[in-house]
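work_11.pdb, holding PDB, C-alpha atoms:
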```pdb
ATOM      1  CA  MET A   1     141.770  61.654 -22.414
ATOM      2  CA  GLU A   2     142.382  58.406 -24.283
ATOM      3  CA  ARG A   3     140.054  56.613 -21.866
ATOM      4  CA  GLU A   4     137.254  59.157 -22.594
ATOM      5  CA  THR A   5     137.692  58.775 -26.364
ATOM      6  CA  ALA A   6     137.555  55.015 -26.104
ATOM      7  CA  TYR A   7     134.401  55.314 -24.019
ATOM      8  CA  TRP A   8     132.537  57.366 -26.628
ATOM      9  CA  ARG A   9     133.647  54.980 -29.349
ATOM     10  CA  THR A  10     132.320  51.982 -27.476
ATOM     11  CA  SER A  11     129.317  53.577 -25.784
ATOM     12  CA  PRO A  12     125.670  52.823 -26.797
ATOM     13  CA  PHE A  13     125.422  56.383 -28.115
ATOM     14  CA  TRP A  14     126.726  55.500 -31.573
ATOM     15  CA  LEU A  15     124.596  52.413 -31.681
ATOM     16  CA  LEU A  16     121.547  54.520 -30.933
ATOM     17  CA  MET A  17     122.466  57.031 -33.629
ATOM     18  CA  ALA A  18     122.924  54.256 -36.149
ATOM     19  CA  ILE A  19     119.525  52.789 -35.308
ATOM     20  CA  LEU A  20     117.855  56.194 -35.651
ATOM     21  CA  ALA A  21     119.516  56.762 -39.031
ATOM     22  CA  LEU A  22     118.349  53.362 -40.210
ATOM     23  CA  VAL A  23     114.792  54.068 -39.087
ATOM     24  CA  ALA A  24     114.808  57.435 -40.883
ATOM     25  CA  ALA A  25     116.056  55.802 -44.061
ATOM     26  CA  LEU A  26     113.394  53.133 -43.872
ATOM     27  CA  ILE A  27     110.688  55.762 -43.368
ATOM     28  CA  PHE A  28     111.964  57.778 -46.333
ATOM     29  CA  LEU A  29     112.137  54.745 -48.585
ATOM     30  CA  GLY A  30     108.731  53.616 -47.382
ATOM     31  CA  ASP A  31     107.194  56.953 -48.308
ATOM     32  CA  ARG A  32     108.823  56.822 -51.718
ATOM     33  CA  TYR A  33     107.614  53.262 -52.238
ATOM     34  CA  ARG A  34     104.104  54.197 -51.148
ATOM     35  CA  ASP A  35     104.052  57.167 -53.549
ATOM     36  CA  VAL A  36     105.171  54.973 -56.425
ATOM     37  CA  THR A  37     102.659  52.280 -55.474
ATOM     38  CA  VAL A  38      99.819  54.788 -55.228
ATOM     39  CA  GLY A  39     100.864  56.274 -58.562
ATOM     40  CA  MET A  40     100.876  52.863 -60.172
ATOM     41  CA  GLU A  41      97.356  52.307 -58.861
ATOM     42  CA  ILE A  42      95.935  55.733 -59.826
ATOM     43  CA  VAL A  43      97.371  56.190 -63.324
ATOM     44  CA  PRO A  44      95.617  53.195 -64.942
ATOM     45  CA  LYS A  45      92.326  54.220 -63.350
ATOM     46  CA  VAL A  46      92.679  57.790 -64.613
ATOM     47  CA  MET A  47      93.614  56.601 -68.091
ATOM     48  CA  SER A  48      90.613  54.262 -68.070
ATOM     49  CA  ARG A  49      88.276  57.111 -67.110
ATOM     50  CA  LYS A  50      89.743  59.306 -69.845
ATOM     51  CA  ALA A  51      89.275  56.552 -72.410
ATOM     52  CA  ALA A  52      85.684  55.989 -71.254
ATOM     53  CA  ALA A  53      84.886  59.709 -71.530
ATOM     54  CA  LEU A  54      86.386  59.840 -75.030
ATOM     55  CA  SER A  55      84.428  56.771 -76.116
ATOM     56  CA  ALA A  56      81.182  58.239 -74.770
ATOM     57  CA  MET A  57      81.871  61.518 -76.580
ATOM     58  CA  LYS A  58      82.427  59.750 -79.887
ATOM     59  CA  ILE A  59      79.289  57.621 -79.558
ATOM     60  CA  ASN A  60      77.078  60.586 -78.650
ATOM     61  CA  ILE A  61      78.492  62.776 -81.417
ATOM     62  CA  ILE A  62      77.594  60.058 -83.932
ATOM     63  CA  LYS A  63      74.091  59.844 -82.426
ATOM     64  CA  SER A  64      73.717  63.618 -82.603
ATOM     65  CA  VAL A  65      74.772  63.777 -86.253
ATOM     66  CA  GLU A  66      72.471  60.920 -87.284
ATOM     67  CA  ALA A  67      69.474  62.446 -85.482
ATOM     68  CA  GLU A  68      70.227  65.863 -86.970
ATOM     69  CA  LYS A  69      70.231  64.421 -90.495
ATOM     70  CA  SER A  70      66.928  62.694 -89.759
ATOM     71  CA  ALA A  71      65.496  66.040 -88.600
ATOM     72  CA  VAL A  72      66.633  67.662 -91.844
ATOM     73  CA  MET A  73      65.099  64.919 -94.007
ATOM     74  CA  ALA A  74      61.870  64.442 -91.978
ATOM     75  CA  ASN A  75      58.554  64.746 -93.805
ATOM     76  CA  THR A  76      56.543  66.259 -90.948
ATOM     77  CA  ASP A  77      57.005  68.935 -88.315
ATOM     78  CA  GLU A  78      56.467  66.343 -85.584
ATOM     79  CA  GLU A  79      59.259  64.129 -86.902
ATOM     80  CA  SER A  80      61.606  67.091 -87.342
ATOM     81  CA  VAL A  81      61.030  68.246 -83.754
ATOM     82  CA  ARG A  82      61.458  64.728 -82.354
ATOM     83  CA  PHE A  83      64.728  64.102 -84.186
ATOM     84  CA  ALA A  84      65.987  67.589 -83.316
ATOM     85  CA  GLU A  85      65.411  66.882 -79.617
ATOM     86  CA  GLU A  86      67.240  63.564 -79.940
ATOM     87  CA  SER A  87      70.165  65.347 -81.568
ATOM     88  CA  ARG A  88      70.309  67.965 -78.819
ATOM     89  CA  ARG A  89      70.188  65.334 -76.065
ATOM     90  CA  ALA A  90      73.071  63.443 -77.654
ATOM     91  CA  SER A  91      75.107  66.646 -77.966
ATOM     92  CA  GLU A  92      74.451  67.479 -74.319
ATOM     93  CA  ALA A  93      75.642  63.992 -73.321
ATOM     94  CA  ALA A  94      78.822  64.534 -75.355
ATOM     95  CA  GLU A  95      79.247  67.911 -73.662
ATOM     96  CA  LYS A  96      79.003  66.274 -70.237
ATOM     97  CA  SER A  97      81.687  63.733 -71.144
ATOM     98  CA  LEU A  98      83.871  66.561 -72.478
ATOM     99  CA  GLN A  99      83.613  68.357 -69.133
ATOM    100  CA  GLU A 100      84.644  65.173 -67.306
ATOM    101  CA  LEU A 101      87.594  64.704 -69.664
ATOM    102  CA  THR A 102      88.650  68.327 -69.177
ATOM    103  CA  GLU A 103      88.680  67.848 -65.408
ATOM    104  CA  LEU A 104      90.707  64.638 -65.679
ATOM    105  CA  ILE A 105      93.293  66.164 -68.003
ATOM    106  CA  GLY A 106      93.464  69.208 -65.735
ATOM    107  CA  ALA A 107      94.161  67.009 -62.696
ATOM    108  CA  TYR A 108      96.473  64.563 -64.481
ATOM    109  CA  PRO A 109      97.819  66.541 -67.434
ATOM    110  CA  SER A 110     100.180  65.768 -70.270
ATOM    111  CA  ALA A 111     101.315  68.248 -72.898
ATOM    112  CA  PRO A 112      99.911  66.356 -75.939
ATOM    113  CA  GLU A 113      96.564  65.779 -74.220
ATOM    114  CA  LYS A 114      96.214  69.428 -73.186
ATOM    115  CA  GLU A 115      97.076  70.658 -76.673
ATOM    116  CA  LEU A 116      94.653  68.273 -78.382
ATOM    117  CA  LEU A 117      91.930  69.072 -75.852
ATOM    118  CA  GLN A 118      92.211  72.788 -76.629
ATOM    119  CA  GLU A 119      92.064  72.014 -80.344
ATOM    120  CA  PHE A 120      88.992  69.838 -79.900
ATOM    121  CA  ASP A 121      87.274  72.386 -77.661
ATOM    122  CA  SER A 122      87.540  75.003 -80.409
ATOM    123  CA  CYS A 123      86.230  72.551 -83.006
ATOM    124  CA  TRP A 124      83.405  71.464 -80.693
ATOM    125  CA  ARG A 125      82.213  75.044 -80.141
ATOM    126  CA  GLU A 126      81.945  75.504 -83.906
ATOM    127  CA  PHE A 127      80.165  72.137 -84.180
ATOM    128  CA  ARG A 128      77.528  73.190 -81.620
ATOM    129  CA  LYS A 129      77.072  76.577 -83.289
ATOM    130  CA  ILE A 130      76.386  75.050 -86.726
ATOM    131  CA  ASP A 131      74.282  72.307 -85.133
ATOM    132  CA  GLN A 132      71.994  74.903 -83.549
ATOM    133  CA  GLN A 133      71.504  76.654 -86.891
ATOM    134  CA  VAL A 134      70.762  73.403 -88.716
ATOM    135  CA  LEU A 135      68.186  72.256 -86.177
ATOM    136  CA  GLU A 136      66.482  75.652 -85.991
ATOM    137  CA  PHE A 137      66.041  75.629 -89.773
ATOM    138  CA  ALA A 138      65.071  71.948 -89.927
ATOM    139  CA  VAL A 139      62.084  72.212 -87.583
ATOM    140  CA  GLN A 140      60.592  75.176 -89.488
ATOM    141  CA  ASN A 141      60.111  73.137 -92.693
ATOM    142  CA  THR A 142      59.100  76.166 -94.769
ATOM    143  CA  ASN A 143      59.915  74.589 -98.137
ATOM    144  CA  LEU A 144      58.020  71.459 -97.203
ATOM    145  CA  LYS A 145      55.025  73.510 -96.072
ATOM    146  CA  ALA A 146      55.148  75.533 -99.299
ATOM    147  CA  ALA A 147      55.157  72.331-101.354
ATOM    148  CA  ARG A 148      52.161  70.966 -99.457
ATOM    149  CA  LEU A 149      50.215  74.167-100.033
ATOM    150  CA  SER A 150      51.089  74.122-103.726
ATOM    151  CA  PHE A 151      50.048  70.515-104.305
ATOM    152  CA  GLY A 152      47.102  70.702-101.917
ATOM    153  CA  ALA A 153      45.117  73.904-101.462
ATOM    154  CA  ALA A 154      46.537  75.641-104.536
ATOM    155  CA  GLY A 155      45.786  72.615-106.703
ATOM    156  CA  THR A 156      42.211  72.497-105.435
ATOM    157  CA  ALA A 157      41.651  76.205-106.136
ATOM    158  CA  MET A 158      43.156  75.793-109.606
ATOM    159  CA  ASN A 159      40.790  72.910-110.417
ATOM    160  CA  GLU A 160      37.785  74.969-109.289
ATOM    161  CA  PHE A 161      38.937  77.885-111.436
ATOM    162  CA  GLY A 162      39.390  75.674-114.478
ATOM    163  CA  HIS A 163      36.005  74.003-113.988
ATOM    164  CA  ALA A 164      34.132  77.322-113.703
ATOM    165  CA  LEU A 165      35.932  78.805-116.688
ATOM    166  CA  SER A 166      35.378  75.698-118.806
ATOM    167  CA  GLY A 167      31.643  76.111-118.257
ATOM    168  CA  LEU A 168      31.799  79.474-120.002
ATOM    169  CA  MET A 169      34.114  78.264-122.749
ATOM    170  CA  SER A 170      31.936  75.257-123.594
ATOM    171  CA  ASP A 171      29.155  77.577-124.687
ATOM    172  CA  SER A 172      31.475  79.212-127.171
ATOM    173  CA  MET A 173      33.828  76.705-128.773
ATOM    174  CA  SER A 174      35.141  79.437-130.986
ATOM    175  CA  GLY A 175      35.323  83.157-130.799
ATOM    176  CA  PRO A 176      36.742  85.638-128.270
ATOM    177  CA  ILE A 177      35.344  84.050-125.063
ATOM    178  CA  TRP A 178      36.945  80.688-125.837
ATOM    179  CA  ARG A 179      40.251  82.323-126.783
ATOM    180  CA  LEU A 180      40.294  84.557-123.703
ATOM    181  CA  GLY A 181      39.341  81.657-121.451
ATOM    182  CA  TYR A 182      42.132  79.548-122.924
ATOM    183  CA  ASP A 183      44.645  82.367-122.318
ATOM    184  CA  ALA A 184      43.461  82.750-118.704
ATOM    185  CA  GLN A 185      43.623  79.021-117.977
ATOM    186  CA  THR A 186      47.057  78.655-119.575
ATOM    187  CA  ALA A 187      48.516  81.620-117.680
ATOM    188  CA  ALA A 188      47.057  80.379-114.368
ATOM    189  CA  LEU A 189      48.474  76.899-114.931
ATOM    190  CA  MET A 190      51.903  78.415-115.650
ATOM    191  CA  ILE A 191      51.742  80.239-112.316
ATOM    192  CA  HIS A 192      51.033  76.917-110.604
ATOM    193  CA  VAL A 193      53.901  75.258-112.478
ATOM    194  CA  LEU A 194      56.296  77.990-111.300
ATOM    195  CA  HIS A 195      55.633  77.150-107.647
ATOM    196  CA  ALA A 196      57.965  74.150-107.839
ATOM    197  CA  PRO A 197      61.126  75.878-109.141
ATOM    198  CA  HIS A 198      60.572  78.711-106.675
ATOM    199  CA  ILE A 199      60.330  76.247-103.764
ATOM    200  CA  ALA A 200      63.435  74.401-104.955
ATOM    201  CA  SER A 201      65.554  77.484-105.632
ATOM    202  CA  PRO A 202      68.269  78.449-103.118
ATOM    203  CA  ASP A 203      68.992  81.730-104.908
ATOM    204  CA  ASP A 204      67.202  85.018-104.163
ATOM    205  CA  VAL A 205      67.913  86.458-107.605
ATOM    206  CA  GLU A 206      66.456  83.384-109.290
ATOM    207  CA  MET A 207      63.363  83.616-107.086
ATOM    208  CA  ASP A 208      63.027  87.303-107.987
ATOM    209  CA  GLY A 209      62.895  86.322-111.653
ATOM    210  CA  ILE A 210      60.290  83.611-111.027
ATOM    211  CA  GLU A 211      58.097  86.020-109.062
ATOM    212  CA  LYS A 212      58.333  88.601-111.852
ATOM    213  CA  THR A 213      57.162  85.978-114.351
ATOM    214  CA  ILE A 214      54.287  85.024-112.022
ATOM    215  CA  GLN A 215      53.207  88.672-111.916
ATOM    216  CA  GLU A 216      53.230  88.809-115.714
ATOM    217  CA  TYR A 217      51.058  85.682-115.974
ATOM    218  CA  ASP A 218      48.733  87.065-113.283
ATOM    219  CA  ALA A 219      48.260  90.195-115.399
ATOM    220  CA  VAL A 220      47.315  88.005-118.380
ATOM    221  CA  VAL A 221      44.707  86.123-116.319
ATOM    222  CA  ARG A 222      43.084  89.251-114.906
ATOM    223  CA  ARG A 223      43.040  91.037-118.249
ATOM    224  CA  SER A 224      41.502  88.008-119.954
ATOM    225  CA  LEU A 225      38.819  87.660-117.262
ATOM    226  CA  GLY A 226      38.021  91.363-117.539
ATOM    227  CA  GLU A 227      37.566  91.084-121.291
ATOM    228  CA  ILE A 228      35.388  87.998-120.891
ATOM    229  CA  ARG A 229      33.142  89.867-118.442
ATOM    230  CA  ALA A 230      32.447  92.533-121.023
ATOM    231  CA  LEU A 231      31.180  89.838-123.407
ATOM    232  CA  LEU A 232      28.865  87.954-121.017
ATOM    233  CA  SER A 233      25.174  88.215-120.325
ATOM    234  CA  PRO A 234      24.130  88.951-116.699
ATOM    235  CA  GLU A 235      23.352  85.295-115.901
ATOM    236  CA  LYS A 236      26.709  84.126-117.279
ATOM    237  CA  LYS A 237      28.522  86.716-115.197
ATOM    238  CA  ARG A 238      27.572  84.759-112.051
ATOM    239  CA  VAL A 239      29.527  81.811-113.437
ATOM    240  CA  LEU A 240      32.468  84.110-114.090
ATOM    241  CA  GLN A 241      32.281  85.332-110.483
ATOM    242  CA  ARG A 242      32.852  81.761-109.302
ATOM    243  CA  ALA A 243      35.891  81.530-111.568
ATOM    244  CA  GLU A 244      37.230  84.856-110.311
ATOM    245  CA  ALA A 245      36.696  83.845-106.667
ATOM    246  CA  SER A 246      38.557  80.576-107.249
ATOM    247  CA  TYR A 247      41.408  82.417-108.954
ATOM    248  CA  ASP A 248      41.635  84.976-106.130
ATOM    249  CA  ALA A 249      41.841  82.111-103.624
ATOM    250  CA  PHE A 250      44.548  80.489-105.756
ATOM    251  CA  MET A 251      46.613  83.694-105.816
ATOM    252  CA  GLU A 252      46.251  84.153-102.060
ATOM    253  CA  ILE A 253      47.635  80.644-101.589
ATOM    254  CA  THR A 254      50.353  81.427-104.132
ATOM    255  CA  ALA A 255      51.429  84.418-102.040
ATOM    256  CA  ARG A 256      51.722  82.138 -98.975
ATOM    257  CA  VAL A 257      53.683  79.585-100.995
ATOM    258  CA  LEU A 258      56.148  82.241-102.152
ATOM    259  CA  HIS A 259      56.521  83.652 -98.633
ATOM    260  CA  LEU A 260      57.317  80.250 -97.154
ATOM    261  CA  SER A 261      59.567  79.352-100.044
ATOM    262  CA  ARG A 262      61.556  82.568 -99.592
ATOM    263  CA  GLN A 263      62.605  81.481 -96.095
ATOM    264  CA  ASN A 264      64.228  78.378 -97.561
ATOM    265  CA  THR A 265      64.745  76.709 -94.189
ATOM    266  CA  ASN A 266      64.778  73.171 -95.581
ATOM    267  CA  ILE A 267      67.317  74.071 -98.242
ATOM    268  CA  LYS A 268      69.447  76.011 -95.760
ATOM    269  CA  SER A 269      69.396  73.192 -93.221
ATOM    270  CA  PHE A 270      70.278  70.640 -95.919
ATOM    271  CA  GLU A 271      73.177  72.716 -97.246
ATOM    272  CA  LEU A 272      74.512  73.409 -93.751
ATOM    273  CA  SER A 273      74.216  69.753 -92.799
ATOM    274  CA  LEU A 274      75.858  68.519 -95.988
ATOM    275  CA  ASN A 275      78.647  71.077 -96.249
ATOM    276  CA  ARG A 276      79.721  73.021 -93.147
ATOM    277  CA  LYS A 277      78.414  70.488 -90.633
ATOM    278  CA  GLY A 278      79.996  67.599 -92.520
ATOM    279  CA  LYS A 279      83.394  69.296 -92.603
ATOM    280  CA  ILE A 280      83.428  70.319 -88.941
ATOM    281  CA  THR A 281      82.243  66.851 -87.895
ATOM    282  CA  ALA A 282      85.124  65.222 -89.786
ATOM    283  CA  GLN A 283      87.571  67.695 -88.224
ATOM    284  CA  CYS A 284      86.327  67.029 -84.688
ATOM    285  CA  ASP A 285      86.422  63.276 -85.302
ATOM    286  CA  THR A 286      90.076  63.445 -86.387
ATOM    287  CA  ILE A 287      91.087  65.446 -83.304
ATOM    288  CA  LEU A 288      89.141  63.066 -81.081
ATOM    289  CA  LYS A 289      90.945  60.066 -82.586
ATOM    290  CA  ASN A 290      94.317  61.748 -82.004
ATOM    291  CA  LEU A 291      93.323  62.448 -78.415
ATOM    292  CA  GLN A 292      92.323  58.808 -77.933
ATOM    293  CA  ASP A 293      95.708  57.734 -79.314
ATOM    294  CA  ALA A 294      97.502  60.109 -76.928
ATOM    295  CA  VAL A 295      95.606  58.748 -73.909
ATOM    296  CA  GLN A 296      96.163  55.124 -74.926
ATOM    297  CA  SER A 297      99.867  55.773 -75.519
ATOM    298  CA  ARG A 298     100.262  57.300 -72.068
ATOM    299  CA  ALA A 299      98.314  54.474 -70.448
ATOM    300  CA  PHE A 300     100.620  51.932 -72.155
ATOM    301  CA  ARG A 301     103.769  53.659 -70.854
ATOM    302  CA  ALA A 302     102.316  53.938 -67.353
ATOM    303  CA  THR A 303     101.627  50.195 -67.102
ATOM    304  CA  ARG A 304     104.946  48.974 -68.490
TER     305      ARG A 304
END
```
Take the structure in this file and express it as structure tokens.
Amino acid sequence: MERETAYWRTSPFWLLMAILALVAALIFLGDRYRDVTVGMEIVPKVMSRKAAALSAMKINIIKSVEAEKSAVMANTDEESVRFAEESRRASEAAEKSLQELTELIGAYPSAPEKELLQEFDSCWREFRKIDQQVLEFAVQNTNLKAARLSFGAAGTAMNEFGHALSGLMSDSMSGPIWRLGYDAQTAALMIHVLHAPHIASPDDVEMDGIEKTIQEYDAVVRRSLGEIRALLSPEKKRVLQRAEASYDAFMEITARVLHLSRQNTNIKSFELSLNRKGKITAQCDTILKNLQDAVQSRAFRATR
């Protein structure tokens, strides 16, 4: 029995077992070392990609905001449309970078990054919603179009009306025709003057009041022209017809001016851009900066 025990103690069996145990340990440690090594290689790359996506988002958001403001302030439809398209393209580029960042944080998450990403995503959705409204209003340019009609076609019609009416008034420097012509010209000019405050007004109630005043002045013009007609000879009535035609054209243009002005798309786009868009942009920028800090902080710890 003692000889058998001594044999097992001195046999190659234990040596073999020891070698196998050593090999297993080396394999285990090798796997652990490889995992750590791979991790050390991957983490900096992932952090770099996250930082690049964040940087691209910030740059494209700035581009989008600048182009949107240019669309709001543009003087022509063509410029508004061009800047609006630039703004949308920049927002889409930021959206693409956001999707890449979301995938990276999903694959290599951290609690602060996930929380900030959710916060930014909510802010970004509101940003895009307001952005769409601003750009839709900006490209319509209804206030700008109303102003052009007022200073252009309406001004031309008003000059023709005044010229025709002055021809009648010059024949009677005193008396009822001159007085009635003066009343008609003054009331028509006041209507033209009221175009500007109507175009500039953001308030429906204020515009209601302006339109009521325009109707009152229009009644003065038409009453005065009617009374003048009753005082004219047949040949002079042809001159009055030219004045009436010019005034009718002026009032048709006035109706178009008021209709465009009522839509207030330039004023709405400006107010949205200045107020709501400005606030949501600042909010998104703050969250984005915090997210950049979180990514940089994690990258620093990973490379220490």
Could you work out how far CA of His259 in chain A lies from CA of Leu149 in chain A, giving the answer in Å with one decimal? 11.5 Å
Identify all residues satisfying the PyMOL selection byres ((chain A and resi 90) around 8) in the given file; provide them as a list in words. Asn60, Ile61, Lys63, Ser64, Glu86, Ser87, Arg88, Arg89, Ser91, Glu92, Ala93 and Ala94 of chain A
Only C-alpha atoms, please: the residues just picked out, written as a PDB file, keeping the file's coordinate frame.
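Once written, out_29.pdb looks like this:
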```pdb
ATOM      1  CA  ASN A  60      77.078  60.586 -78.650  1.00  0.00           C
ATOM      2  CA  ILE A  61      78.492  62.776 -81.417  1.00  0.00           C
ATOM      3  CA  LYS A  63      74.091  59.844 -82.426  1.00  0.00           C
ATOM      4  CA  SER A  64      73.717  63.618 -82.603  1.00  0.00           C
ATOM      5  CA  GLU A  86      67.240  63.564 -79.940  1.00  0.00           C
ATOM      6  CA  SER A  87      70.165  65.347 -81.568  1.00  0.00           C
ATOM      7  CA  ARG A  88      70.309  67.965 -78.819  1.00  0.00           C
ATOM      8  CA  ARG A  89      70.188  65.334 -76.065  1.00  0.00           C
ATOM      9  CA  SER A  91      75.107  66.646 -77.966  1.00  0.00           C
ATOM     10  CA  GLU A  92      74.451  67.479 -74.319  1.00  0.00           C
ATOM     11  CA  ALA A  93      75.642  63.992 -73.321  1.00  0.00           C
ATOM     12  CA  ALA A  94      78.822  64.534 -75.355  1.00  0.00           C
TER      13      ALA A  94
END
```
Report the residues retrieved by the PyMOL selection byres ((chain A and resi 189) around 12) from the displayed file, expressed as a PyMOL selection string. chain A and resi 150+154-155+157-159+161-162+182-188+190-195+214+217-218+220-221+247+250-251+254
Given the PyMOL selection byres ((chain A and resi 244) around 10) and the file above, list the residues it selects as a short mmCIF file (atom, residue, chain, number, x, y, z; two decimals) with C-alpha atoms, in the frame of the given file.
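So selection-v8.cif came out as:
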```cif
data_model
loop_
_atom_site.label_atom_id
_atom_site.label_comp_id
_atom_site.auth_asym_id
_atom_site.auth_seq_id
_atom_site.Cartn_x
_atom_site.Cartn_y
_atom_site.Cartn_z
CA GLU A 160 37.78 74.97 -109.29
CA PHE A 161 38.94 77.89 -111.44
CA ALA A 164 34.13 77.32 -113.70
CA LEU A 165 35.93 78.81 -116.69
CA VAL A 221 44.71 86.12 -116.32
CA ARG A 222 43.08 89.25 -114.91
CA LEU A 225 38.82 87.66 -117.26
CA GLY A 226 38.02 91.36 -117.54
CA ARG A 238 27.57 84.76 -112.05
CA VAL A 239 29.53 81.81 -113.44
CA LEU A 240 32.47 84.11 -114.09
CA GLN A 241 32.28 85.33 -110.48
CA ARG A 242 32.85 81.76 -109.30
CA ALA A 243 35.89 81.53 -111.57
CA ALA A 245 36.70 83.84 -106.67
CA SER A 246 38.56 80.58 -107.25
CA TYR A 247 41.41 82.42 -108.95
CA ASP A 248 41.64 84.98 -106.13
CA ALA A 249 41.84 82.11 -103.62
CA PHE A 250 44.55 80.49 -105.76
#
```
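Distance check against Glu68 in chain A using only C-alpha atoms: of A:Ser269, A:Asn141, A:Ser122, A:Ser170, the minimum falls on A:Ser269.
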Asp285 in chain A environment, 12 Å, all atoms listed in the file, sequence neighbours closer than 6 positions dropped, as a VMD selection string: chain A and resid 54 to 55 57 to 62 65 116 119 to 121 123 to 124 127 278 to 279 291 to 292
Deliver the residues from the most recent selection as a file, using C-alpha atoms, as an mmCIF file, in the coordinates of the input.
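Output file out.cif is given in full below:
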```
data_model
loop_
_atom_site.group_PDB
_atom_site.id
_atom_site.type_symbol
_atom_site.label_atom_id
_atom_site.label_comp_id
_atom_site.auth_asym_id
_atom_site.auth_seq_id
_atom_site.Cartn_x
_atom_site.Cartn_y
_atom_site.Cartn_z
ATOM 1 C CA LEU A 54 86.386 59.840 -75.030
ATOM 2 C CA SER A 55 84.428 56.771 -76.116
ATOM 3 C CA MET A 57 81.871 61.518 -76.580
ATOM 4 C CA LYS A 58 82.427 59.750 -79.887
ATOM 5 C CA ILE A 59 79.289 57.621 -79.558
ATOM 6 C CA ASN A 60 77.078 60.586 -78.650
ATOM 7 C CA ILE A 61 78.492 62.776 -81.417
ATOM 8 C CA ILE A 62 77.594 60.058 -83.932
ATOM 9 C CA VAL A 65 74.772 63.777 -86.253
ATOM 10 C CA LEU A 116 94.653 68.273 -78.382
ATOM 11 C CA GLU A 119 92.064 72.014 -80.344
ATOM 12 C CA PHE A 120 88.992 69.838 -79.900
ATOM 13 C CA ASP A 121 87.274 72.386 -77.661
ATOM 14 C CA CYS A 123 86.230 72.551 -83.006
ATOM 15 C CA TRP A 124 83.405 71.464 -80.693
ATOM 16 C CA PHE A 127 80.165 72.137 -84.180
ATOM 17 C CA GLY A 278 79.996 67.599 -92.520
ATOM 18 C CA LYS A 279 83.394 69.296 -92.603
ATOM 19 C CA LEU A 291 93.323 62.448 -78.415
ATOM 20 C CA GLN A 292 92.323 58.808 -77.933
#
```
Within 10 Å of Leu272 in chain A, counting all atoms listed in the file, which residues show up once you throw out same-chain ones fewer than 2 positions away? Write them as a VMD selection string, please. chain A and resid 72 130 to 131 133 to 135 137 266 to 270 274 to 279
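Taking all atoms listed in the file into account, Pro202 in chain A lies nearest to A:Thr265 out of the set A:Gly175, A:Arg223, A:Ile253, A:Thr265.
With all atoms listed in the file as the atoms that count, the residue of A:Ser273, A:Asn75, A:Gln215, A:Thr102 with the shortest distance to Leu144 in chain A is A:Asn75.
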Can you pull out every residue within 7 Å of Asn143 in chain A, counting only C-alpha atoms, but drop anything in the same chain fewer than 2 positions away, and send it as a ChimeraX atom specification? /A:141,145-147,199,260-261,264-266
